[in-house]
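Student: For reference, this is entry_29.cif, and it has mmCIF, C-alpha atoms.
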data_model
loop_
_atom_site.label_atom_id
_atom_site.label_comp_id
_atom_site.auth_asym_id
_atom_site.auth_seq_id
_atom_site.Cartn_x
_atom_site.Cartn_y
_atom_site.Cartn_z
CA MET A 31 -7.26 -21.31 29.40
CA THR A 32 -8.87 -18.14 30.71
CA VAL A 33 -11.53 -15.95 29.12
CA LYS A 34 -12.87 -12.55 30.16
CA ILE A 35 -16.65 -12.46 30.58
CA LEU A 36 -18.63 -9.21 30.63
CA TYR A 37 -22.27 -8.65 31.59
CA PHE A 38 -24.39 -5.63 30.70
CA ALA A 39 -27.61 -3.81 31.62
CA SER A 40 -30.37 -5.77 33.42
CA LEU A 41 -28.31 -8.97 33.28
CA LYS A 42 -25.42 -7.27 35.06
CA GLU A 43 -27.81 -6.11 37.81
CA VAL A 44 -29.49 -9.49 38.28
CA LEU A 45 -26.14 -11.30 38.42
CA GLY A 46 -24.45 -8.63 40.53
CA CYS A 47 -21.43 -9.01 38.26
CA THR A 48 -19.88 -6.70 35.68
CA GLU A 49 -16.82 -8.68 34.67
CA GLU A 50 -15.04 -11.87 35.60
CA SER A 51 -12.01 -13.85 34.60
CA PHE A 52 -13.11 -17.41 33.98
CA VAL A 53 -11.07 -20.58 33.56
CA LEU A 54 -12.64 -22.68 30.81
CA PRO A 55 -13.63 -26.11 32.14
CA SER A 56 -13.15 -29.11 29.90
CA GLY A 57 -16.17 -29.64 27.68
CA VAL A 58 -16.83 -25.93 27.28
CA SER A 59 -15.76 -24.94 23.78
CA THR A 60 -18.63 -22.86 22.39
CA VAL A 61 -20.52 -19.73 23.41
CA GLY A 62 -23.66 -21.82 24.00
CA GLU A 63 -21.81 -24.32 26.21
CA LEU A 64 -20.26 -21.51 28.21
CA ARG A 65 -23.67 -19.94 28.75
CA SER A 66 -25.15 -23.26 29.91
CA PHE A 67 -22.25 -23.84 32.29
CA LEU A 68 -22.62 -20.37 33.81
CA ALA A 69 -26.40 -20.75 34.12
CA ASP A 70 -25.86 -23.79 36.38
CA ARG A 71 -23.71 -21.93 38.91
CA GLY A 72 -26.60 -21.02 41.21
CA GLU A 73 -30.03 -19.49 41.58
CA LYS A 74 -29.40 -16.02 40.19
CA TRP A 75 -27.40 -17.48 37.30
CA LYS A 76 -30.57 -19.02 35.92
CA ALA A 77 -30.98 -15.61 34.27
CA LEU A 78 -28.59 -17.00 31.65
CA GLY A 79 -30.60 -20.20 31.26
CA GLU A 80 -32.24 -21.66 28.22
CA GLY A 81 -35.36 -19.78 27.22
CA ARG A 82 -34.13 -16.47 28.64
CA ASN A 83 -33.71 -13.71 26.10
CA VAL A 84 -29.94 -13.31 26.28
CA ARG A 85 -27.59 -12.28 23.47
CA ALA A 86 -23.87 -12.91 23.31
CA ALA A 87 -20.82 -11.37 21.74
CA ARG A 88 -17.38 -12.88 21.16
CA ASN A 89 -14.48 -10.47 20.90
CA GLN A 90 -16.94 -7.59 20.47
CA ARG A 91 -18.95 -9.12 17.62
CA MET A 92 -22.42 -10.60 17.93
CA ALA A 93 -22.04 -14.36 18.44
CA ALA A 94 -24.18 -17.45 17.88
CA PRO A 95 -24.34 -20.36 20.36
CA ALA A 96 -22.23 -22.56 18.07
CA ASP A 97 -19.38 -20.04 17.84
CA PRO A 98 -16.13 -21.29 19.43
CA VAL A 99 -14.69 -19.96 22.67
CA LEU A 100 -10.90 -19.88 22.88
CA PRO A 101 -8.47 -18.88 25.64
CA GLY A 102 -7.99 -15.12 25.69
CA ASP A 103 -11.43 -14.39 24.25
CA GLU A 104 -13.65 -11.61 25.53
CA ILE A 105 -17.19 -12.99 25.82
CA ALA A 106 -20.15 -10.77 26.70
CA PHE A 107 -23.72 -11.62 27.67
CA PHE A 108 -26.51 -9.05 27.60
CA PRO A 109 -30.23 -8.54 26.98
CA PRO A 110 -31.50 -7.57 23.50
CA VAL A 111 -30.28 -4.08 22.69
CA THR A 112 -32.49 -0.99 23.05
CA GLY A 113 -30.52 1.95 21.68
CA GLY A 114 -31.53 4.57 19.14
CA MET B 13 -14.84 10.83 11.38
CA THR B 14 -17.89 8.73 10.55
CA VAL B 15 -18.97 7.30 13.90
CA SER B 16 -18.98 8.96 17.34
CA VAL B 17 -20.15 7.46 20.63
CA GLN B 18 -20.10 10.23 23.19
CA ALA B 19 -21.69 11.66 26.34
CA GLU B 20 -21.72 15.20 24.96
CA ASP B 21 -24.50 16.82 22.95
CA PHE B 22 -23.92 17.68 19.29
CA ASP B 23 -24.78 20.51 16.89
CA VAL B 24 -27.29 19.19 14.35
CA GLY B 25 -26.86 22.11 11.96
CA ALA B 26 -23.10 21.80 11.93
CA GLU B 27 -23.31 18.03 11.35
CA ILE B 28 -25.72 18.46 8.43
CA ALA B 29 -23.56 21.17 6.88
CA ALA B 30 -20.43 19.01 7.20
CA LEU B 31 -22.04 16.20 5.17
CA SER B 32 -21.99 18.27 1.99
CA ALA B 33 -19.17 20.73 2.72
CA GLY B 34 -16.71 20.72 -0.17
CA ARG B 35 -18.74 18.08 -2.05
CA ASN B 36 -20.68 19.70 -4.87
CA GLU B 37 -21.68 16.28 -6.17
CA VAL B 38 -24.06 15.95 -3.21
CA GLY B 39 -27.67 16.50 -4.25
CA ALA B 40 -29.42 15.10 -1.18
CA VAL B 41 -28.83 14.89 2.56
CA ALA B 42 -31.22 12.75 4.62
CA THR B 43 -31.06 12.79 8.42
CA PHE B 44 -32.65 11.14 11.42
CA LEU B 45 -32.63 12.69 14.89
CA GLY B 46 -33.75 10.64 17.91
CA LEU B 47 -34.89 12.40 21.10
CA VAL B 48 -35.70 11.35 24.68
CA ARG B 49 -39.48 11.31 25.23
CA ASP B 50 -41.16 12.17 28.53
CA VAL B 51 -43.50 9.21 28.33
CA SER B 52 -42.98 5.48 27.77
CA GLY B 53 -45.39 2.58 28.15
CA GLY B 54 -47.95 4.76 29.93
CA SER B 55 -45.49 6.08 32.53
CA SER B 56 -43.88 9.49 32.66
CA VAL B 57 -40.13 9.38 32.21
CA GLY B 58 -38.03 11.84 34.17
CA ALA B 59 -34.73 10.80 32.62
CA MET B 60 -32.96 7.83 31.12
CA THR B 61 -29.48 6.42 31.31
CA LEU B 62 -27.94 4.81 28.24
CA GLU B 63 -25.40 2.08 28.94
CA HIS B 64 -23.21 0.72 26.16
CA TYR B 65 -20.38 -1.70 25.45
CA PRO B 66 -17.31 0.46 24.77
CA GLY B 67 -15.36 -0.87 21.81
CA MET B 68 -18.09 -3.11 20.45
CA THR B 69 -20.43 -0.14 20.14
CA GLU B 70 -18.10 1.76 17.84
CA ALA B 71 -17.21 -1.38 15.86
CA SER B 72 -20.84 -2.35 15.34
CA LEU B 73 -21.82 1.15 14.15
CA GLU B 74 -18.87 1.22 11.75
CA GLU B 75 -19.88 -2.19 10.40
CA ILE B 76 -23.44 -0.94 9.81
CA VAL B 77 -22.07 2.05 7.87
CA VAL B 78 -19.91 -0.31 5.77
CA GLN B 79 -23.01 -2.34 4.92
CA ALA B 80 -24.97 0.79 3.99
CA ARG B 81 -22.15 1.93 1.71
CA ALA B 82 -22.11 -1.49 0.05
CA ARG B 83 -25.83 -1.21 -0.73
CA TRP B 84 -26.01 2.38 -1.93
CA SER B 85 -23.66 4.87 -3.51
CA LEU B 86 -23.15 7.41 -0.72
CA TYR B 87 -20.85 10.42 -0.53
CA ALA B 88 -20.79 10.83 3.25
CA VAL B 89 -22.25 9.19 6.35
CA ARG B 90 -22.30 10.42 9.94
CA VAL B 91 -23.56 8.52 13.00
CA ILE B 92 -23.53 9.99 16.52
CA HIS B 93 -24.96 8.14 19.52
CA ARG B 94 -24.88 9.48 23.06
CA PHE B 95 -24.58 7.53 26.30
CA GLY B 96 -25.00 8.43 29.97
CA ARG B 97 -27.91 10.23 31.64
CA LEU B 98 -30.28 12.13 29.34
CA GLU B 99 -33.48 14.05 30.01
CA PRO B 100 -36.67 14.46 27.96
CA GLY B 101 -36.01 16.60 24.90
CA ASP B 102 -32.32 15.69 24.83
CA ARG B 103 -30.86 14.39 21.58
CA ILE B 104 -29.87 10.70 21.66
CA VAL B 105 -28.90 9.75 18.14
CA PHE B 106 -28.14 11.39 14.80
CA VAL B 107 -27.78 9.70 11.43
CA GLY B 108 -26.94 11.77 8.36
CA VAL B 109 -26.41 10.49 4.83
CA ALA B 110 -25.29 12.44 1.77
CA GLY B 111 -25.78 11.13 -1.75
CA ALA B 112 -26.69 12.19 -5.25
CA HIS B 113 -30.47 11.81 -4.98
CA ARG B 114 -33.15 11.40 -2.32
CA GLY B 115 -33.91 7.74 -2.94
CA GLU B 116 -30.67 6.26 -1.74
CA THR B 117 -30.21 8.76 1.06
CA PHE B 118 -33.68 8.17 2.56
CA ALA B 119 -33.19 4.41 2.26
CA ALA B 120 -29.67 4.36 3.69
CA CYS B 121 -30.68 6.56 6.63
CA GLU B 122 -33.58 4.24 7.51
CA PHE B 123 -31.40 1.15 7.03
CA ILE B 124 -28.74 2.48 9.40
CA MET B 125 -31.34 3.27 12.07
CA ASP B 126 -33.07 -0.11 11.71
CA TYR B 127 -29.77 -1.95 12.07
CA LEU B 128 -28.57 0.29 14.89
CA LYS B 129 -31.75 -0.50 16.83
CA THR B 130 -31.10 -4.25 16.74
CA ARG B 131 -27.29 -4.56 16.53
CA ALA B 132 -25.58 -1.71 18.37
CA PRO B 133 -25.03 -2.62 22.04
CA PHE B 134 -26.92 0.13 23.87
CA TRP B 135 -29.42 -0.35 26.69
CA LYS B 136 -31.87 2.21 28.11
CA LEU B 137 -32.68 2.50 31.81
CA GLU B 138 -35.71 4.75 32.36
CA GLU B 139 -36.44 6.69 35.54
CA THR B 140 -40.20 6.65 36.20
CA PRO B 141 -42.36 7.48 39.28
CA GLU B 142 -42.58 3.69 39.84
CA GLY B 143 -38.80 3.38 39.89
CA ALA B 144 -36.03 2.69 37.41
CA ARG B 145 -36.71 0.08 34.75
CA TRP B 146 -34.77 -1.36 31.82
CA VAL B 147 -36.48 -0.87 28.49
CA ASP B 148 -37.50 -4.12 26.78
CA ALA B 149 -36.52 -4.69 23.17
CA ARG B 150 -39.46 -4.55 20.79
CA ASP B 151 -40.30 -7.22 18.23
CA SER B 152 -41.18 -4.43 15.79
CA ASP B 153 -37.52 -3.37 15.80
CA ASP B 154 -36.49 -6.89 14.77
CA SER B 155 -39.04 -6.97 11.96
CA ALA B 156 -37.97 -3.50 10.80
CA ALA B 157 -34.39 -4.72 10.48
CA ALA B 158 -35.44 -8.05 8.92
CA ARG B 159 -37.20 -6.46 5.95
CA TRP B 160 -33.80 -5.33 4.63
CA GLU B 161 -32.73 -8.98 4.47
CA GLN B 162 -35.54 -9.91 2.12
CA GLY B 163 -34.34 -7.61 -0.62
CA GLY B 164 -37.69 -5.89 -0.62
CA ARG B 165 -36.42 -2.41 0.10
CA GLN B 166 -33.91 -0.94 -2.29
CA ALA B 167 -33.74 2.60 -3.52
#
For this file, produce the structure as C-alpha coordinates.
Tutor:
Amino acid sequence: MTVKILYFASLKEVLGCTEESFVLPSGVSTVGELRSFLADRGEKWKALGEGRNVRAARNQRMAAPADPVLPGDEIAFFPPVTGG
Amino acid sequence: MTVSVQAEDFDVGAEIAALSAGRNEVGAVATFLGLVRDVSGGSSVGAMTLEHYPGMTEASLEEIVVQARARWSLYAVRVIHRFGRLEPGDRIVFVGVAGAHRGETFAACEFIMDYLKTRAPFWKLEETPEGARWVDARDSDDSAAARWEQGGRQA
(Lines of atoms letter the chains of each structure in order from A and count residues from 1; the text may use other names and numbers.)
(Lines give C-alpha, C1' and ligand atoms only; values in the text may rest on other atoms or scores of the structure.)
Protein backbone atom coordinates (compact mmCIF):
# COMPACT_ATOMS: atom_id res chain seq x y z
CA MET A 1 0.00 0.00 0.00
CA THR A 2 2.96 2.26 -0.68
CA VAL A 3 3.29 5.14 -3.13
CA LYS A 4 6.33 7.16 -4.17
CA ILE A 5 5.90 10.91 -3.73
CA LEU A 6 8.15 13.45 -5.47
CA TYR A 7 8.43 17.20 -4.87
CA PHE A 8 9.92 19.75 -7.24
CA ALA A 9 11.27 23.31 -7.40
CA SER A 10 10.19 25.80 -4.70
CA LEU A 11 7.96 23.20 -3.06
CA LYS A 12 10.89 20.82 -2.69
CA GLU A 13 12.91 23.59 -1.01
CA VAL A 14 10.15 24.65 1.38
CA LEU A 15 9.44 21.06 2.40
CA GLY A 16 13.10 20.05 2.53
CA CYS A 17 12.09 16.84 0.77
CA THR A 18 12.77 15.54 -2.73
CA GLU A 19 11.22 12.09 -2.55
CA GLU A 20 9.54 9.85 -0.02
CA SER A 21 7.99 6.44 0.17
CA PHE A 22 4.58 6.81 1.75
CA VAL A 23 2.20 4.20 3.14
CA LEU A 24 -1.34 5.13 2.15
CA PRO A 25 -3.52 5.58 5.25
CA SER A 26 -7.10 4.39 5.11
CA GLY A 27 -9.38 7.07 3.72
CA VAL A 28 -6.77 8.36 1.29
CA SER A 29 -7.75 7.22 -2.18
CA THR A 30 -7.45 10.30 -4.40
CA VAL A 31 -4.73 12.80 -5.29
CA GLY A 32 -6.68 15.54 -3.48
CA GLU A 33 -7.07 13.45 -0.31
CA LEU A 34 -3.38 12.61 -0.35
CA ARG A 35 -2.48 16.28 -0.67
CA SER A 36 -4.76 17.21 2.24
CA PHE A 37 -3.31 14.46 4.41
CA LEU A 38 0.26 15.58 3.68
CA ALA A 39 -0.62 19.24 4.30
CA ASP A 40 -1.65 18.33 7.87
CA ARG A 41 1.70 16.77 8.79
CA GLY A 42 3.17 19.96 10.27
CA GLU A 43 3.92 23.63 9.83
CA LYS A 44 6.03 23.53 6.68
CA TRP A 45 3.61 21.07 5.07
CA LYS A 46 0.98 23.78 4.95
CA ALA A 47 2.68 24.68 1.66
CA LEU A 48 0.55 21.87 0.22
CA GLY A 49 -2.62 23.23 1.81
CA GLU A 50 -5.84 24.32 0.22
CA GLY A 51 -5.51 27.64 -1.55
CA ARG A 52 -1.82 27.15 -2.33
CA ASN A 53 -0.97 27.04 -6.00
CA VAL A 54 0.18 23.44 -6.24
CA ARG A 55 -0.13 21.09 -9.22
CA ALA A 56 0.00 17.32 -9.14
CA ALA A 57 0.94 14.48 -11.43
CA ARG A 58 0.07 10.80 -11.17
CA ASN A 59 2.43 8.37 -12.88
CA GLN A 60 4.00 11.27 -14.78
CA ARG A 61 0.76 12.73 -16.16
CA MET A 62 -0.93 15.89 -14.92
CA ALA A 63 -3.57 14.87 -12.37
CA ALA A 64 -6.77 16.36 -10.98
CA PRO A 65 -7.72 16.19 -7.27
CA ALA A 66 -10.37 13.53 -7.97
CA ASP A 67 -7.92 11.18 -9.71
CA PRO A 68 -7.39 7.89 -7.83
CA VAL A 69 -4.19 6.98 -5.99
CA LEU A 70 -3.28 3.31 -6.01
CA PRO A 71 -0.43 1.33 -4.43
CA GLY A 72 2.70 1.55 -6.55
CA ASP A 73 1.78 4.94 -8.01
CA GLU A 74 4.30 7.72 -8.47
CA ILE A 75 2.67 10.96 -7.31
CA ALA A 76 4.37 14.34 -7.74
CA PHE A 77 3.54 17.76 -6.32
CA PHE A 78 5.01 20.96 -7.74
CA PRO A 79 4.34 24.64 -8.39
CA PRO A 80 2.88 25.78 -11.74
CA VAL A 81 5.46 25.16 -14.46
CA THR A 82 7.69 27.92 -15.84
CA GLY A 83 9.65 26.42 -18.73
CA GLY A 84 10.10 27.68 -22.26
CA MET B 1 13.95 11.85 -32.86
CA THR B 2 11.21 14.39 -32.22
CA VAL B 3 11.76 15.46 -28.62
CA SER B 4 15.04 16.04 -26.75
CA VAL B 5 15.49 17.17 -23.15
CA GLN B 6 19.16 17.84 -22.64
CA ALA B 7 21.78 19.91 -20.82
CA GLU B 8 23.83 20.48 -23.98
CA ASP B 9 23.43 23.33 -26.44
CA PHE B 10 22.16 22.63 -29.95
CA ASP B 11 22.88 23.80 -33.50
CA VAL B 12 19.89 25.81 -34.73
CA GLY B 13 20.95 25.74 -38.37
CA ALA B 14 21.42 21.99 -38.37
CA GLU B 15 18.04 21.46 -36.68
CA ILE B 16 16.24 23.66 -39.22
CA ALA B 17 17.96 21.92 -42.12
CA ALA B 18 17.03 18.48 -40.75
CA LEU B 19 13.31 19.38 -40.73
CA SER B 20 13.16 19.46 -44.53
CA ALA B 21 16.10 17.20 -45.45
CA GLY B 22 14.93 14.55 -47.91
CA ARG B 23 11.35 15.91 -47.86
CA ASN B 24 10.67 17.88 -51.02
CA GLU B 25 7.00 18.13 -50.09
CA VAL B 26 7.95 20.64 -47.38
CA GLY B 27 7.09 24.19 -48.40
CA ALA B 28 7.38 25.90 -45.02
CA VAL B 29 9.45 25.59 -41.86
CA ALA B 30 8.44 27.71 -38.85
CA THR B 31 10.67 27.86 -35.77
CA PHE B 32 10.75 29.36 -32.30
CA LEU B 33 13.96 29.90 -30.35
CA GLY B 34 13.82 30.87 -26.66
CA LEU B 35 16.82 32.56 -25.01
CA VAL B 36 17.85 33.45 -21.44
CA ARG B 37 17.39 37.19 -20.83
CA ASP B 38 19.63 39.26 -18.55
CA VAL B 39 16.69 41.00 -16.93
CA SER B 40 13.50 39.76 -15.27
CA GLY B 41 10.92 41.62 -13.20
CA GLY B 42 13.18 44.67 -12.89
CA SER B 43 16.19 42.71 -11.62
CA SER B 44 19.31 41.77 -13.52
CA VAL B 45 19.70 38.04 -13.98
CA GLY B 46 23.19 36.59 -13.86
CA ALA B 47 22.12 33.04 -14.67
CA MET B 48 19.23 30.64 -14.27
CA THR B 49 18.90 26.99 -13.45
CA LEU B 50 16.17 24.93 -15.09
CA GLU B 51 14.88 22.01 -13.06
CA HIS B 52 12.65 19.39 -14.64
CA TYR B 53 10.86 16.12 -13.95
CA PRO B 54 12.80 13.45 -15.87
CA GLY B 55 10.43 11.06 -17.61
CA MET B 56 7.34 13.21 -17.32
CA THR B 57 9.08 16.03 -19.18
CA GLU B 58 9.74 13.91 -22.25
CA ALA B 59 6.28 12.30 -22.11
CA SER B 60 4.50 15.64 -21.84
CA LEU B 61 6.43 17.14 -24.78
CA GLU B 62 5.70 14.07 -26.90
CA GLU B 63 2.01 14.32 -26.00
CA ILE B 64 1.98 18.00 -27.07
CA VAL B 65 3.53 17.05 -30.42
CA VAL B 66 0.88 14.34 -30.87
CA GLN B 67 -1.83 16.93 -30.29
CA ALA B 68 -0.25 19.35 -32.77
CA ARG B 69 -0.08 16.61 -35.39
CA ALA B 70 -3.75 15.81 -34.79
CA ARG B 71 -4.69 19.44 -35.45
CA TRP B 72 -2.55 20.18 -38.48
CA SER B 73 -1.00 18.21 -41.29
CA LEU B 74 2.72 18.39 -40.49
CA TYR B 75 5.68 16.70 -42.14
CA ALA B 76 8.17 17.02 -39.29
CA VAL B 77 8.34 18.41 -35.75
CA ARG B 78 11.35 18.97 -33.51
CA VAL B 79 11.33 20.11 -29.87
CA ILE B 80 14.51 20.62 -27.83
CA HIS B 81 14.45 21.93 -24.26
CA ARG B 82 17.56 22.38 -22.13
CA PHE B 83 17.90 21.99 -18.37
CA GLY B 84 20.62 22.86 -15.87
CA ARG B 85 22.44 26.18 -15.42
CA LEU B 86 22.18 28.65 -18.30
CA GLU B 87 23.48 32.20 -18.72
CA PRO B 88 22.02 35.23 -20.51
CA GLY B 89 22.11 34.73 -24.26
CA ASP B 90 22.06 30.94 -23.95
CA ARG B 91 19.47 29.01 -25.92
CA ILE B 92 16.75 27.38 -23.78
CA VAL B 93 14.18 25.97 -26.15
CA PHE B 94 13.75 25.26 -29.86
CA VAL B 95 10.55 24.32 -31.66
CA GLY B 96 10.63 23.63 -35.39
CA VAL B 97 7.69 22.60 -37.57
CA ALA B 98 7.73 21.61 -41.24
CA GLY B 99 4.59 21.56 -43.35
CA ALA B 100 3.27 22.37 -46.79
CA HIS B 101 2.39 26.03 -46.20
CA ARG B 102 3.05 28.79 -43.68
CA GLY B 103 -0.39 28.82 -42.07
CA GLU B 104 -0.25 25.46 -40.36
CA THR B 105 3.43 25.70 -39.52
CA PHE B 106 3.13 29.12 -37.81
CA ALA B 107 0.05 27.92 -35.92
CA ALA B 108 1.52 24.58 -34.87
CA CYS B 109 4.75 26.21 -33.68
CA GLU B 110 2.83 28.69 -31.52
CA PHE B 111 0.51 25.95 -30.23
CA ILE B 112 3.44 23.78 -29.15
CA MET B 113 5.08 26.69 -27.31
CA ASP B 114 1.84 27.73 -25.61
CA TYR B 115 1.22 24.19 -24.39
CA LEU B 116 4.85 23.66 -23.41
CA LYS B 117 4.69 26.79 -21.25
CA THR B 118 1.77 25.46 -19.19
CA ARG B 119 2.16 21.65 -19.34
CA ALA B 120 5.81 20.64 -19.53
CA PRO B 121 7.27 20.24 -16.03
CA PHE B 122 10.14 22.74 -16.03
CA TRP B 123 10.87 25.33 -13.35
CA LYS B 124 13.25 28.31 -13.56
CA LEU B 125 15.42 29.45 -10.66
CA GLU B 126 16.94 32.88 -11.38
CA GLU B 127 20.16 34.20 -9.86
CA THR B 128 19.77 37.93 -9.15
CA PRO B 129 21.76 40.45 -7.02
CA GLU B 130 19.00 40.02 -4.38
CA GLY B 131 19.52 36.26 -4.31
CA ALA B 132 18.11 33.22 -6.05
CA ARG B 133 14.38 33.19 -6.71
CA TRP B 134 11.94 30.80 -8.36
CA VAL B 135 10.10 32.29 -11.30
CA ASP B 136 6.34 32.56 -10.80
CA ALA B 137 4.02 31.20 -13.46
CA ARG B 138 2.20 33.92 -15.38
CA ASP B 139 -1.55 34.05 -15.91
CA SER B 140 -0.88 35.23 -19.46
CA ASP B 141 0.69 31.83 -20.21
CA ASP B 142 -2.51 30.10 -19.08
CA SER B 143 -4.67 32.35 -21.23
CA ALA B 144 -2.35 31.85 -24.22
CA ALA B 145 -2.81 28.09 -23.92
CA ALA B 146 -6.56 28.38 -23.25
CA ARG B 147 -7.32 30.16 -26.52
CA TRP B 148 -6.50 26.93 -28.39
CA GLU B 149 -9.30 25.20 -26.46
CA GLN B 150 -11.93 27.60 -27.75
CA GLY B 151 -11.41 26.62 -31.35
CA GLY B 152 -10.69 30.22 -32.21
CA ARG B 153 -7.26 29.67 -33.66
CA GLN B 154 -6.95 27.28 -36.55
CA ALA B 155 -4.78 27.67 -39.60
Student: Got a sec: who's within 12 Å of range 66-68 of chain A, counting all atoms listed in the file, leaving out chain neighbours fewer than 4 positions off, as a list in words?
Tutor: Ile35, Tyr37, Leu45, Glu50, Phe52, Val53, Leu54, Pro55, Ser56, Gly57, Val58, Ser59, Thr60, Val61, Gly62, Gly72, Glu73, Lys74, Trp75, Lys76, Ala77, Leu78, Gly79, Glu80, Gly81, Arg82, Val84, Pro95 and Phe107 of chain A
Student: Once the PyMOL selection byres ((chain B) within 12 of (chain A)) has been applied to the shown file, what residues remain in the selection, as a ChimeraX atom specification?
Tutor: /B:17,44-48,60-75,91-96,103-107,122,124-138,144-154
Student: So that I have them on file, write out the residues from the current selection with C-alpha atoms, as a PDB file, keeping the file's coordinate frame.
Tutor:
ATOM      1  CA  VAL B  17     -20.150   7.460  20.630  1.00  0.00           C
ATOM      2  CA  PHE B  44     -32.650  11.140  11.420  1.00  0.00           C
ATOM      3  CA  LEU B  45     -32.630  12.690  14.890  1.00  0.00           C
ATOM      4  CA  GLY B  46     -33.750  10.640  17.910  1.00  0.00           C
ATOM      5  CA  LEU B  47     -34.890  12.400  21.100  1.00  0.00           C
ATOM      6  CA  VAL B  48     -35.700  11.350  24.680  1.00  0.00           C
ATOM      7  CA  MET B  60     -32.960   7.830  31.120  1.00  0.00           C
ATOM      8  CA  THR B  61     -29.480   6.420  31.310  1.00  0.00           C
ATOM      9  CA  LEU B  62     -27.940   4.810  28.240  1.00  0.00           C
ATOM     10  CA  GLU B  63     -25.400   2.080  28.940  1.00  0.00           C
ATOM     11  CA  HIS B  64     -23.210   0.720  26.160  1.00  0.00           C
ATOM     12  CA  TYR B  65     -20.380  -1.700  25.450  1.00  0.00           C
ATOM     13  CA  PRO B  66     -17.310   0.460  24.770  1.00  0.00           C
ATOM     14  CA  GLY B  67     -15.360  -0.870  21.810  1.00  0.00           C
ATOM     15  CA  MET B  68     -18.090  -3.110  20.450  1.00  0.00           C
ATOM     16  CA  THR B  69     -20.430  -0.140  20.140  1.00  0.00           C
ATOM     17  CA  GLU B  70     -18.100   1.760  17.840  1.00  0.00           C
ATOM     18  CA  ALA B  71     -17.210  -1.380  15.860  1.00  0.00           C
ATOM     19  CA  SER B  72     -20.840  -2.350  15.340  1.00  0.00           C
ATOM     20  CA  LEU B  73     -21.820   1.150  14.150  1.00  0.00           C
ATOM     21  CA  GLU B  74     -18.870   1.220  11.750  1.00  0.00           C
ATOM     22  CA  GLU B  75     -19.880  -2.190  10.400  1.00  0.00           C
ATOM     23  CA  VAL B  91     -23.560   8.520  13.000  1.00  0.00           C
ATOM     24  CA  ILE B  92     -23.530   9.990  16.520  1.00  0.00           C
ATOM     25  CA  HIS B  93     -24.960   8.140  19.520  1.00  0.00           C
ATOM     26  CA  ARG B  94     -24.880   9.480  23.060  1.00  0.00           C
ATOM     27  CA  PHE B  95     -24.580   7.530  26.300  1.00  0.00           C
ATOM     28  CA  GLY B  96     -25.000   8.430  29.970  1.00  0.00           C
ATOM     29  CA  ARG B 103     -30.860  14.390  21.580  1.00  0.00           C
ATOM     30  CA  ILE B 104     -29.870  10.700  21.660  1.00  0.00           C
ATOM     31  CA  VAL B 105     -28.900   9.750  18.140  1.00  0.00           C
ATOM     32  CA  PHE B 106     -28.140  11.390  14.800  1.00  0.00           C
ATOM     33  CA  VAL B 107     -27.780   9.700  11.430  1.00  0.00           C
ATOM     34  CA  GLU B 122     -33.580   4.240   7.510  1.00  0.00           C
ATOM     35  CA  ILE B 124     -28.740   2.480   9.400  1.00  0.00           C
ATOM     36  CA  MET B 125     -31.340   3.270  12.070  1.00  0.00           C
ATOM     37  CA  ASP B 126     -33.070  -0.110  11.710  1.00  0.00           C
ATOM     38  CA  TYR B 127     -29.770  -1.950  12.070  1.00  0.00           C
ATOM     39  CA  LEU B 128     -28.570   0.290  14.890  1.00  0.00           C
ATOM     40  CA  LYS B 129     -31.750  -0.500  16.830  1.00  0.00           C
ATOM     41  CA  THR B 130     -31.100  -4.250  16.740  1.00  0.00           C
ATOM     42  CA  ARG B 131     -27.290  -4.560  16.530  1.00  0.00           C
ATOM     43  CA  ALA B 132     -25.580  -1.710  18.370  1.00  0.00           C
ATOM     44  CA  PRO B 133     -25.030  -2.620  22.040  1.00  0.00           C
ATOM     45  CA  PHE B 134     -26.920   0.130  23.870  1.00  0.00           C
ATOM     46  CA  TRP B 135     -29.420  -0.350  26.690  1.00  0.00           C
ATOM     47  CA  LYS B 136     -31.870   2.210  28.110  1.00  0.00           C
ATOM     48  CA  LEU B 137     -32.680   2.500  31.810  1.00  0.00           C
ATOM     49  CA  GLU B 138     -35.710   4.750  32.360  1.00  0.00           C
ATOM     50  CA  ALA B 144     -36.030   2.690  37.410  1.00  0.00           C
ATOM     51  CA  ARG B 145     -36.710   0.080  34.750  1.00  0.00           C
ATOM     52  CA  TRP B 146     -34.770  -1.360  31.820  1.00  0.00           C
ATOM     53  CA  VAL B 147     -36.480  -0.870  28.490  1.00  0.00           C
ATOM     54  CA  ASP B 148     -37.500  -4.120  26.780  1.00  0.00           C
ATOM     55  CA  ALA B 149     -36.520  -4.690  23.170  1.00  0.00           C
ATOM     56  CA  ARG B 150     -39.460  -4.550  20.790  1.00  0.00           C
ATOM     57  CA  ASP B 151     -40.300  -7.220  18.230  1.00  0.00           C
ATOM     58  CA  SER B 152     -41.180  -4.430  15.790  1.00  0.00           C
ATOM     59  CA  ASP B 153     -37.520  -3.370  15.800  1.00  0.00           C
ATOM     60  CA  ASP B 154     -36.490  -6.890  14.770  1.00  0.00           C
TER      61      ASP B 154
END
Student: Figure out the distance between CA of Val77 in chain B and CA of Pro98 in chain A, please, to one decimal in Å.
Tutor: 26.7 Å
Student: One number please: CA of Gly108 in chain B to CA of Cys121 in chain B, in Å, one decimal.
Tutor: 6.6 Å
Student: What is the distance, in Å and to one decimal place, between CA of Leu98 in chain B and CA of Ser56 in chain B?
Tutor: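 Computing it gives 14.2 Å between the two atoms.
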Student: Evaluated on this file, the PyMOL selection byres ((chain A and resi 102) around 8) picks out some residues - which ones are they, written as number ranges by chain?
Tutor: A: 31-34, 100-101, 103-104
Student: Work out where the centre of an axis-aligned box around every listed atom of range 109-119 of chain B lies and how long its edges are once 4 Å is added on each side; give both in Å to one decimal as lines of an AutoDock Vina configuration file.
Tutor:
center_x = -29.6
center_y = 8.4
center_z = -0.2
size_x = 16.6
size_y = 16.0
size_z = 18.1
Student: Report as a PyMOL selection string all protein, DNA and RNA residues lying within 10 Å of Thr117 in chain B, evaluated on all atoms listed in the file, omitting residues in the same chain fewer than 2 positions from it.
Tutor: chain B and resi 39-43+80+84-89+108-115+119-123+167
